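Shown next: start29.pdb, given as PDB, C-alpha atoms.
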```pdb
ATOM      1  CA  MET A   1     170.762  94.865 160.657  1.00  0.00           C
ATOM      2  CA  PRO A   2     168.961  91.884 159.105  1.00  0.00           C
ATOM      3  CA  TYR A   3     165.422  92.398 157.860  1.00  0.00           C
ATOM      4  CA  SER A   4     162.787  89.896 156.859  1.00  0.00           C
ATOM      5  CA  PHE A   5     160.917  91.518 153.994  1.00  0.00           C
ATOM      6  CA  PRO A   6     157.888  90.259 152.115  1.00  0.00           C
ATOM      7  CA  THR A   7     158.933  89.172 148.610  1.00  0.00           C
ATOM      8  CA  GLU A   8     157.641  92.287 146.852  1.00  0.00           C
ATOM      9  CA  LEU A   9     159.450  94.619 149.255  1.00  0.00           C
ATOM     10  CA  GLN A  10     162.645  92.564 149.033  1.00  0.00           C
ATOM     11  CA  GLN A  11     162.534  92.948 145.245  1.00  0.00           C
ATOM     12  CA  LEU A  12     162.168  96.718 145.573  1.00  0.00           C
ATOM     13  CA  VAL A  13     165.103  96.901 147.986  1.00  0.00           C
ATOM     14  CA  GLN A  14     167.241  94.698 145.740  1.00  0.00           C
ATOM     15  CA  ARG A  15     166.459  96.885 142.714  1.00  0.00           C
ATOM     16  CA  GLN A  16     167.637  99.923 144.651  1.00  0.00           C
ATOM     17  CA  LEU A  17     170.792  98.140 145.780  1.00  0.00           C
ATOM     18  CA  ALA A  18     171.478  97.141 142.162  1.00  0.00           C
ATOM     19  CA  THR A  19     171.589 100.810 141.136  1.00  0.00           C
ATOM     20  CA  GLY A  20     174.790 101.171 143.107  1.00  0.00           C
ATOM     21  CA  ASN A  21     173.407 104.200 144.939  1.00  0.00           C
ATOM     22  CA  TYR A  22     173.209 102.312 148.231  1.00  0.00           C
ATOM     23  CA  ALA A  23     175.766 100.200 150.048  1.00  0.00           C
ATOM     24  CA  ASN A  24     173.265  98.144 152.028  1.00  0.00           C
ATOM     25  CA  GLU A  25     169.625  97.647 152.990  1.00  0.00           C
ATOM     26  CA  ASP A  26     169.948 100.094 155.873  1.00  0.00           C
ATOM     27  CA  GLU A  27     170.745 102.944 153.475  1.00  0.00           C
ATOM     28  CA  VAL A  28     167.827 102.023 151.216  1.00  0.00           C
ATOM     29  CA  LEU A  29     165.432 101.954 154.159  1.00  0.00           C
ATOM     30  CA  LEU A  30     166.768 105.167 155.661  1.00  0.00           C
ATOM     31  CA  ASP A  31     166.352 106.992 152.361  1.00  0.00           C
ATOM     32  CA  ALA A  32     162.866 105.539 151.929  1.00  0.00           C
ATOM     33  CA  MET A  33     161.817 106.585 155.426  1.00  0.00           C
ATOM     34  CA  ILE A  34     163.179 110.103 154.928  1.00  0.00           C
ATOM     35  CA  ALA A  35     161.252 110.381 151.658  1.00  0.00           C
ATOM     36  CA  LEU A  36     158.108 109.027 153.321  1.00  0.00           C
ATOM     37  CA  ASN A  37     158.454 111.521 156.155  1.00  0.00           C
ATOM     38  CA  GLU A  38     158.941 114.418 153.723  1.00  0.00           C
ATOM     39  CA  ARG A  39     155.899 113.288 151.734  1.00  0.00           C
ATOM     40  CA  GLU A  40     153.818 113.101 154.919  1.00  0.00           C
ATOM     41  CA  GLU A  41     154.920 116.596 155.968  1.00  0.00           C
ATOM     42  CA  LEU A  42     154.001 117.959 152.541  1.00  0.00           C
ATOM     43  CA  LEU A  43     150.632 116.224 152.689  1.00  0.00           C
ATOM     44  CA  GLN A  44     149.956 117.769 156.105  1.00  0.00           C
ATOM     45  CA  GLN A  45     150.881 121.205 154.730  1.00  0.00           C
ATOM     46  CA  TRP A  46     148.501 120.742 151.798  1.00  0.00           C
ATOM     47  CA  LYS A  47     145.709 119.608 154.124  1.00  0.00           C
ATOM     48  CA  ALA A  48     146.234 122.676 156.319  1.00  0.00           C
ATOM     49  CA  GLU A  49     146.177 124.940 153.263  1.00  0.00           C
ATOM     50  CA  ILE A  50     142.989 123.319 151.968  1.00  0.00           C
ATOM     51  CA  ARG A  51     141.361 123.638 155.400  1.00  0.00           C
ATOM     52  CA  SER A  52     142.366 127.303 155.539  1.00  0.00           C
ATOM     53  CA  ARG A  53     140.880 127.962 152.104  1.00  0.00           C
ATOM     54  CA  ILE A  54     137.660 126.136 152.947  1.00  0.00           C
ATOM     55  CA  ASP A  55     137.373 128.172 156.142  1.00  0.00           C
ATOM     56  CA  SER A  56     137.902 131.326 154.071  1.00  0.00           C
ATOM     57  CA  LEU A  57     135.054 130.306 151.763  1.00  0.00           C
ATOM     58  CA  ASP A  58     132.851 129.544 154.768  1.00  0.00           C
ATOM     59  CA  ARG A  59     133.477 133.122 155.933  1.00  0.00           C
ATOM     60  CA  GLY A  60     132.292 134.412 152.555  1.00  0.00           C
ATOM     61  CA  GLU A  61     135.760 135.432 151.400  1.00  0.00           C
ATOM     62  CA  GLY A  62     135.586 133.618 148.060  1.00  0.00           C
ATOM     63  CA  ILE A  63     135.447 135.211 144.650  1.00  0.00           C
ATOM     64  CA  GLU A  64     132.561 134.946 142.247  1.00  0.00           C
ATOM     65  CA  LEU A  65     133.465 134.221 138.663  1.00  0.00           C
ATOM     66  CA  GLN A  66     131.334 135.860 135.998  1.00  0.00           C
ATOM     67  CA  GLY A  67     131.003 133.898 132.771  1.00  0.00           C
ATOM     68  CA  ASP A  68     132.839 131.137 130.987  1.00  0.00           C
ATOM     69  CA  ASP A  69     135.882 133.240 130.132  1.00  0.00           C
ATOM     70  CA  ALA A  70     136.488 134.106 133.780  1.00  0.00           C
ATOM     71  CA  LEU A  71     136.050 130.464 134.768  1.00  0.00           C
ATOM     72  CA  GLN A  72     138.484 129.336 132.053  1.00  0.00           C
ATOM     73  CA  ALA A  73     141.092 131.944 133.089  1.00  0.00           C
ATOM     74  CA  PHE A  74     140.755 130.835 136.714  1.00  0.00           C
ATOM     75  CA  ALA A  75     141.139 127.152 135.750  1.00  0.00           C
ATOM     76  CA  ASP A  76     144.201 127.971 133.636  1.00  0.00           C
ATOM     77  CA  GLU A  77     145.771 129.812 136.560  1.00  0.00           C
ATOM     78  CA  ILE A  78     145.187 126.852 138.877  1.00  0.00           C
ATOM     79  CA  LYS A  79     146.709 124.469 136.312  1.00  0.00           C
ATOM     80  CA  SER A  80     149.778 126.681 136.012  1.00  0.00           C
ATOM     81  CA  GLU A  81     150.214 126.808 139.788  1.00  0.00           C
ATOM     82  CA  GLY A  82     149.839 123.038 139.994  1.00  0.00           C
ATOM     83  CA  ARG A  83     152.415 122.483 137.259  1.00  0.00           C
ATOM     84  CA  ARG A  84     154.888 124.812 138.982  1.00  0.00           C
ATOM     85  CA  ALA A  85     154.405 123.004 142.300  1.00  0.00           C
ATOM     86  CA  TYR A  86     154.761 119.627 140.600  1.00  0.00           C
ATOM     87  CA  GLU A  87     157.975 120.631 138.859  1.00  0.00           C
ATOM     88  CA  ALA A  88     159.390 122.071 142.085  1.00  0.00           C
ATOM     89  CA  ASN A  89     158.634 118.847 143.984  1.00  0.00           C
ATOM     90  CA  ARG A  90     159.859 116.605 141.161  1.00  0.00           C
ATOM     91  CA  SER A  91     163.393 117.776 141.768  1.00  0.00           C
ATOM     92  CA  ILE A  92     163.289 116.532 145.382  1.00  0.00           C
ATOM     93  CA  PRO A  93     165.315 113.277 145.493  1.00  0.00           C
TER      94      PRO A  93
END
```
Can I see the file as C-alpha cells?
Amino acid sequence: MPYSFPTELQQLVQRQLATGNYANEDEVLLDAMIALNEREELLQQWKAEIRSRIDSLDRGEGIELQGDDALQAFADEIKSEGRRAYEANRSIP
C-alpha cells in the first residue's frame, strides 16, 4: 500500500526499514500503531488509577505523614515503585 509521508515521517520509516526488522512500510506502520495503541491503553489505566486515588483522598482516606523522615521514606517508596514500573515497561517492544 503506497503512503505519502511528510519528509520527517518518511525518514523515520526508512530508518526502521534499514534495521532489517521490517520487510516493508506496512510492517513498520503496523508495529507503530500497535505500540501507540498499547501506550494509549496504559495511559488510560494510569489516568483511572490517578482518578481513583484522588477520589480516595477526597473521601479522607489519605495518610498523614509526620515529620521529614516519614516524608523521605514515602518519597523513596514512590521512587522505587516508579523505577520498577519503568523497568517493567522498558522491556515491552
Q. Which one is closest to Leu42 of chain A: A:Phe74, A:Glu61, A:Lys79, A:Asn89? Count all atoms listed in the file.
A.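 When distances to Leu42 of chain A are compared using all atoms listed in the file, the smallest one comes from A:Asn89.
Atom CA of Ala88 of chain A to atom CA of Ile34 of chain A spans 18.0 Å [interatomic distance, one decimal].
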Q: Would you mind reading off the distance between atom CA of Leu36 of chain A and atom CA of Glu81 of chain A, one decimal, in Å?
A: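 Between atom CA of Leu36 of chain A and atom CA of Glu81 of chain A the gap is 23.7 Å.
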Q.
Counting all atoms listed in the file, which residue out of A:Leu43, A:Ala73, A:Leu12, A:Ala48 sits closest to Leu29 of chain A?
A.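 The answer is A:Leu12, which sits nearest to Leu29 of chain A.
You can rank A:Asp68, A:Glu77, A:Glu25, A:Asp31 by their closest distance to Ser4 of chain A using only C-alpha atoms, and at the top of that list sits A:Glu25.
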Q) So how far away is atom CA of Glu41 of chain A from atom CA of Arg15 of chain A, in Å? A) 26.4 Å
Q: Determine, counting all atoms listed in the file, every residue of protein, DNA or RNA that lies within 12 Å of (171.3, 99.1, 153.4) in the file coordinates, then give the result as a VMD selection string.
A: chain A and resid 1 to 3 10 13 to 18 20 to 32
